[in-house]
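Working notes for the structure below.
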Amino acid sequence: MFYSVSRIAAATFSLAAIIVCSPLKSDLSDLSQRANPTFTPGLNKHVFDPPASWASWRVIYHRVVQLNDGTLLSSWENYAPEPPLEAAPIWRSTDGGKTYASFSQVKDQVNGWGMRYQPFLYVLPQPFAGLKAGDLLFAGNSVPSDLSKTKIDVYSSTNSGLTWSFLSSVATGGRASASNGQTPIWEPFLQLYNGQIICFYSDQRDPKHGQKLTHQTTTDLKSWTANVDDVADSNYNARPGMTTVAQIGSGNWIMTYENCGPGNCQVYVKVASNPLIFGTISGYPLQASDGTIPSGSPFVTWVYNGGVNGTLLVNGNSDSYLYTNTQLGVPGTPWKRINAGTDQAYSRCLLGDYDSLIIASAGNLQTGAHANNVTYLIVSLSGLGI
Ligand SMILES: *[C@@H]1O[C@H](CO)[C@@H](O)[C@H](O)[C@H]1NC(C)=O
Ligand SMILES: *[C@@H]1O[C@H](CO)[C@@H](O)[C@H](O)[C@H]1NC(C)=O
């Protein structure tokens, strides 16, 4: 979140309206390769074009996950007129992305504020806390219409996203303003690891840091541990933000984040043996072999393609390219810049399966006549030389 002024102005304006069976390891929790592709390269689609009457950039922050039967579920931030209170849309494709339709919504069931910002979907890779493998978790930032508070709440669905039940609240913060000195929390990212769900998020509540990255964990989806920091810069003005995490075929874990403030939001990378100890690892700035420095709202995933190490894929919103690494993200190893033929977008979600990659976008903070649409492109990884 580096667009403080515009987001707040826009949000205020909207008030009136307002994975591993790898060559290296075979028993890791999240990564499993399908025998056949479940979504088809070549599709370049609009999921949803919001009405021009919607506020601000109308939509942003597209997230997509795949259920075990291949069904795709998407969510994003809507800037629809209120009432009713904003809710996270859930759209569904059961034909590999050829067609999408509105399926359900995650509504705020406990605060009376709405489910407004930064939806995150997670498919459980194994049974957890009374839920089955394949059941869904949702985390989002519940924020009232006057933006006076932020709260990361977690919901579950046991029927493939049709209905949602509130489980627990991870943390509560102050006003949804990305200015230093304000105390909101932002951008939850869930990951199962070793019998715990980790909730990573951005945190402005610590008076020592304009913003830092932190996490809490749960074993029962009811109570959460105290937070442990993943990135907290000694420079108060640094604003590390927007954690995403992926398991690498080696069994290691990668974390990406934007280093905003004096760091101009350059994308940073940490690699660790487990996702609970990123705070003990030094991050390194990602620069492509051709000299390009990606910045802003990164997202990371790992895919099988590309040889014994598979390939790490990262993007930022400073350009439309993908940044790839076939050496497990080890510091000093090369990152290659690849044109995936898609649009530039803020916090663009990457979802790989077999030889296909979904690049899910909801625009790059555009407003006005060319405000954002919710789109995705499905590319062939081997077709990109990955
Ligand atoms: C796999 O990654 C390791 C660690 O960076 C590297 O030493 C090795 O060369 C890589 N293998 C290939 C085939 O690129
Ligand atoms: C979004 O889609 C509409 C058509 O529904 C189009 O007029 C508009 O230009 C699109 N916006 C962008 C940024 O492509």
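Naming scheme: A, B, ... for chains in displayed order of the structure tokens; residues 1 onward per chain; ligands 1 onward as shown.
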
Residue contacts of Asn78 (chain A) (8 Å, only C-alpha atoms) excluding same-chain residues fewer than 4 positions away, as a PyMOL selection string: chain A and resi 58-60+86-89+116

Could you please take those selected residues and save C-alpha atoms as a compact mmCIF listing (two decimals), in the first residue's frame?
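Full text of again26.txt as output:
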# COMPACT_ATOMS: atom_id res chain seq x y z
CA ARG A 58 -14.20 1.03 -8.98
CA VAL A 59 -12.34 -2.26 -8.43
CA ILE A 60 -8.80 -3.31 -7.46
CA GLU A 86 -19.35 -3.21 0.86
CA ALA A 87 -18.86 -7.00 0.72
CA ALA A 88 -16.17 -9.09 -0.92
CA PRO A 89 -17.51 -10.52 -4.19
CA ARG A 116 -14.18 -3.58 2.32

Please identify every residue of region 121-167 of chain A that has at least one atom no farther than 9 Å from an atom of region 203-223 of chain A, counting only C-alpha atoms, and for each give the shortest atom pair and the distance in Å to one decimal, arranged by chain then increasing number, as JSON lines.
{"residue": "A:Phe128", "atom": "CA", "partner": "A:Asp220", "partner_atom": "CA", "distance": 7.9}
{"residue": "A:Ala129", "atom": "CA", "partner": "A:Asp220", "partner_atom": "CA", "distance": 5.0}
{"residue": "A:Gly130", "atom": "CA", "partner": "A:Asp220", "partner_atom": "CA", "distance": 8.3}
{"residue": "A:Val154", "atom": "CA", "partner": "A:Leu221", "partner_atom": "CA", "distance": 8.1}
{"residue": "A:Leu167", "atom": "CA", "partner": "A:Lys222", "partner_atom": "CA", "distance": 6.3}

Ligand 2 neighbours within 12 Å using only C-alpha atoms and all ligand atoms, as JSON, numbers by chain: {"A": [45, 46, 47, 48, 49, 50, 51, 52, 57, 58, 59, 60, 342, 343, 344, 345, 361, 362, 363, 364, 365, 366, 367, 368, 369, 370, 371, 372, 373, 374, 375]}

Strand (DSSP E) positions in region 87-271 of chain A, given as a PyMOL selection string: chain A and resi 88-93+101-106+115-123+136-142+150-157+165-173+185-193+196-203+212-218+228-231+239-247+253-260+266-271

Give me the chain A side of the contact with ligand 1, cut-off 8 Å, one line per residue showing its nearest atom pair and distance in Å at one decimal, counting only C-alpha atoms and all ligand atoms, sorted by chain and residue number, as a tab-separated table.
residue	atom	partner	partner_atom_place_in_ligand_line	distance
A:Gly307	CA	ligand 1	13 (C)	5.9
A:Val308	CA	ligand 1	13 (C)	5.5
A:Asn309	CA	ligand 1	1 (C)	4.9
A:Thr326	CA	ligand 1	14 (O)	5.6
A:Gln327	CA	ligand 1	2 (O)	3.6
A:Leu328	CA	ligand 1	2 (O)	5.3
A:Gly329	CA	ligand 1	5 (O)	6.8
A:Val330	CA	ligand 1	5 (O)	5.2
A:Thr333	CA	ligand 1	5 (O)	6.5

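Using only C-alpha atoms, the protein and nucleic acid residues lying no more than 10 Å from Asn264 (chain A), apart from those fewer than 4 places from it along its own chain, are Phe2, Ala238, Arg239, Glu258, Asn259, Cys260, Ser295 and Gly296 of chain A.
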
Any chance you can output those residues with all heavy atoms as a compact mmCIF listing (two decimals), in the first residue's frame?
# COMPACT_ATOMS: atom_id res chain seq x y z
N PHE A 2 1.10 1.81 -1.19
CA PHE A 2 2.00 2.94 -1.29
C PHE A 2 1.25 4.14 -1.83
O PHE A 2 1.84 5.18 -2.07
CB PHE A 2 3.16 2.62 -2.23
CG PHE A 2 2.71 2.35 -3.61
CD1 PHE A 2 2.73 3.36 -4.55
CD2 PHE A 2 2.21 1.12 -3.97
CE1 PHE A 2 2.26 3.12 -5.82
CE2 PHE A 2 1.74 0.89 -5.24
CZ PHE A 2 1.76 1.88 -6.17
N ALA A 238 10.65 3.95 6.73
CA ALA A 238 10.52 2.82 5.82
C ALA A 238 9.13 2.21 5.98
O ALA A 238 8.59 2.15 7.09
CB ALA A 238 11.58 1.77 6.13
N ARG A 239 8.56 1.81 4.86
CA ARG A 239 7.23 1.22 4.90
C ARG A 239 7.22 -0.11 4.14
O ARG A 239 6.66 -0.21 3.04
CB ARG A 239 6.19 2.17 4.30
CG ARG A 239 5.95 3.43 5.12
CD ARG A 239 4.88 4.30 4.50
NE ARG A 239 3.63 3.58 4.30
CZ ARG A 239 2.68 3.43 5.23
NH1 ARG A 239 2.80 3.98 6.41
NH2 ARG A 239 1.58 2.74 4.96
N GLU A 258 7.04 -5.03 -0.74
CA GLU A 258 7.47 -3.76 -1.30
C GLU A 258 8.16 -2.99 -0.19
O GLU A 258 7.71 -2.99 0.95
CB GLU A 258 6.27 -2.97 -1.84
CG GLU A 258 5.20 -2.71 -0.79
CD GLU A 258 4.02 -1.89 -1.30
OE1 GLU A 258 3.81 -1.82 -2.53
OE2 GLU A 258 3.31 -1.33 -0.45
N ASN A 259 9.27 -2.33 -0.52
CA ASN A 259 10.01 -1.55 0.48
C ASN A 259 9.75 -0.08 0.22
O ASN A 259 10.55 0.61 -0.40
CB ASN A 259 11.49 -1.90 0.40
CG ASN A 259 12.31 -1.20 1.46
OD1 ASN A 259 11.81 -0.95 2.56
ND2 ASN A 259 13.54 -0.86 1.15
N CYS A 260 8.59 0.39 0.70
CA CYS A 260 8.19 1.78 0.40
C CYS A 260 8.83 2.74 1.39
O CYS A 260 9.62 2.36 2.24
CB CYS A 260 6.66 1.87 0.38
SG CYS A 260 5.95 0.97 -1.02
N SER A 295 8.96 -2.54 -8.82
CA SER A 295 8.53 -1.95 -7.55
C SER A 295 7.02 -2.03 -7.41
O SER A 295 6.28 -2.12 -8.40
CB SER A 295 9.00 -0.49 -7.47
OG SER A 295 8.42 0.26 -8.50
N GLY A 296 6.58 -2.02 -6.16
CA GLY A 296 5.17 -1.88 -5.83
C GLY A 296 4.36 -3.17 -5.87
O GLY A 296 4.40 -3.92 -6.83

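Of the listed residues A:Gly112, A:Pro240, A:Pro262, A:Gly352, the one whose atoms come nearest to Gln66 (chain A) is A:Gly352, with distances taken using only C-alpha atoms.
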
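Proximity of A:Asn274, A:Asn44, A:Thr225, A:Thr311 to Trp253 (chain A), computed with only C-alpha atoms, is greatest for A:Asn274.
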
Gly332 (chain A) surroundings by only C-alpha atoms, 10 Å radius, close-in-sequence under 6 positions cut, as a list in words: Tyr284, Leu286 and Gln287 of chain A

All residues 10 Å or closer to Asn68 (chain A), only C-alpha atoms, same chain fewer than 3 positions away omitted, as a PyMOL selection string: chain A and resi 34+65+71-72+123-125+133-135+160

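Ranking A:Thr150, A:Trp113, A:Arg175, A:Ala101 by their shortest atom-to-atom distance to Pro83 (chain A), with only C-alpha atoms included, puts A:Trp113 first.
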
Contact residues around Thr292 (chain A) with only C-alpha atoms at 10 Å, ignoring same-chain residues under 5 positions, as a PyMOL selection string: chain A and resi 286-287+319+323+335-337

Selected residues written out, N, CA, C and O atoms, as an mmCIF file, in the first residue's frame:
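New file part35.cif:
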data_model
loop_
_atom_site.group_PDB
_atom_site.id
_atom_site.type_symbol
_atom_site.label_atom_id
_atom_site.label_comp_id
_atom_site.auth_asym_id
_atom_site.auth_seq_id
_atom_site.Cartn_x
_atom_site.Cartn_y
_atom_site.Cartn_z
ATOM 1 N N LEU A 286 15.184 -7.018 -5.349
ATOM 2 C CA LEU A 286 15.129 -7.757 -6.603
ATOM 3 C C LEU A 286 15.465 -6.809 -7.754
ATOM 4 O O LEU A 286 14.830 -5.766 -7.924
ATOM 5 N N GLN A 287 16.488 -7.173 -8.510
ATOM 6 C CA GLN A 287 16.837 -6.440 -9.730
ATOM 7 C C GLN A 287 17.052 -7.475 -10.818
ATOM 8 O O GLN A 287 17.757 -8.464 -10.632
ATOM 9 N N ASP A 319 5.651 -2.473 -13.772
ATOM 10 C CA ASP A 319 5.560 -2.851 -15.181
ATOM 11 C C ASP A 319 4.685 -4.093 -15.301
ATOM 12 O O ASP A 319 4.191 -4.621 -14.306
ATOM 13 N N TYR A 323 9.092 -11.621 -13.338
ATOM 14 C CA TYR A 323 10.510 -11.777 -12.984
ATOM 15 C C TYR A 323 10.697 -13.212 -12.517
ATOM 16 O O TYR A 323 9.993 -13.667 -11.606
ATOM 17 N N TRP A 335 17.641 -13.038 -11.725
ATOM 18 C CA TRP A 335 16.206 -12.892 -11.989
ATOM 19 C C TRP A 335 16.067 -12.364 -13.412
ATOM 20 O O TRP A 335 16.651 -11.353 -13.771
ATOM 21 N N LYS A 336 15.282 -13.082 -14.211
ATOM 22 C CA LYS A 336 15.111 -12.738 -15.613
ATOM 23 C C LYS A 336 13.786 -12.014 -15.786
ATOM 24 O O LYS A 336 12.795 -12.374 -15.143
ATOM 25 N N ARG A 337 13.747 -11.014 -16.657
ATOM 26 C CA ARG A 337 12.521 -10.242 -16.907
ATOM 27 C C ARG A 337 11.859 -10.772 -18.170
ATOM 28 O O ARG A 337 12.485 -10.833 -19.219
#

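Among the candidates A:Gly291, A:Gly181, A:Gly283, A:Gly306, the residue lying nearest to Val231 (chain A) is A:Gly283 (atoms considered: only C-alpha atoms).
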
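Residues surrounding Phe39 (chain A) within 9 Å are Leu43, Gly70, Leu72, Asp95, Gly96, Gly97, Lys98, Asp353, Tyr354, Ser356, Leu357, Ile358 and Ile378 of chain A [only C-alpha atoms; sequence separation below 3 positions excluded].
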
Write to file, as a PDB file, in the first residue's frame, the residues of the selection just made, with C-alpha atoms.
ATOM      1  CA  LEU A  43      -7.788 -16.997 -22.484  1.00  0.00           C
ATOM      2  CA  GLY A  70     -10.549 -27.280 -10.814  1.00  0.00           C
ATOM      3  CA  LEU A  72     -11.750 -21.126  -9.973  1.00  0.00           C
ATOM      4  CA  ASP A  95     -14.983 -24.375 -17.036  1.00  0.00           C
ATOM      5  CA  GLY A  96     -11.349 -23.488 -16.555  1.00  0.00           C
ATOM      6  CA  GLY A  97     -11.857 -19.749 -16.867  1.00  0.00           C
ATOM      7  CA  LYS A  98     -13.876 -19.700 -20.085  1.00  0.00           C
ATOM      8  CA  ASP A 353      -1.215 -25.118 -12.520  1.00  0.00           C
ATOM      9  CA  TYR A 354       0.423 -27.692 -14.780  1.00  0.00           C
ATOM     10  CA  SER A 356      -0.650 -22.783 -17.240  1.00  0.00           C
ATOM     11  CA  LEU A 357      -0.464 -19.555 -15.276  1.00  0.00           C
ATOM     12  CA  ILE A 358      -3.354 -17.268 -14.425  1.00  0.00           C
ATOM     13  CA  ILE A 378      -3.996 -17.411 -18.885  1.00  0.00           C
TER      14      ILE A 378
END

Distance in Å - CA of Tyr304 (chain A) versus CA of Asp355 (chain A): 8.2 Å

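Taking CA of Gly263 (chain A) as the reference point, CA of Pro334 (chain A) is found at 21.0 Å.
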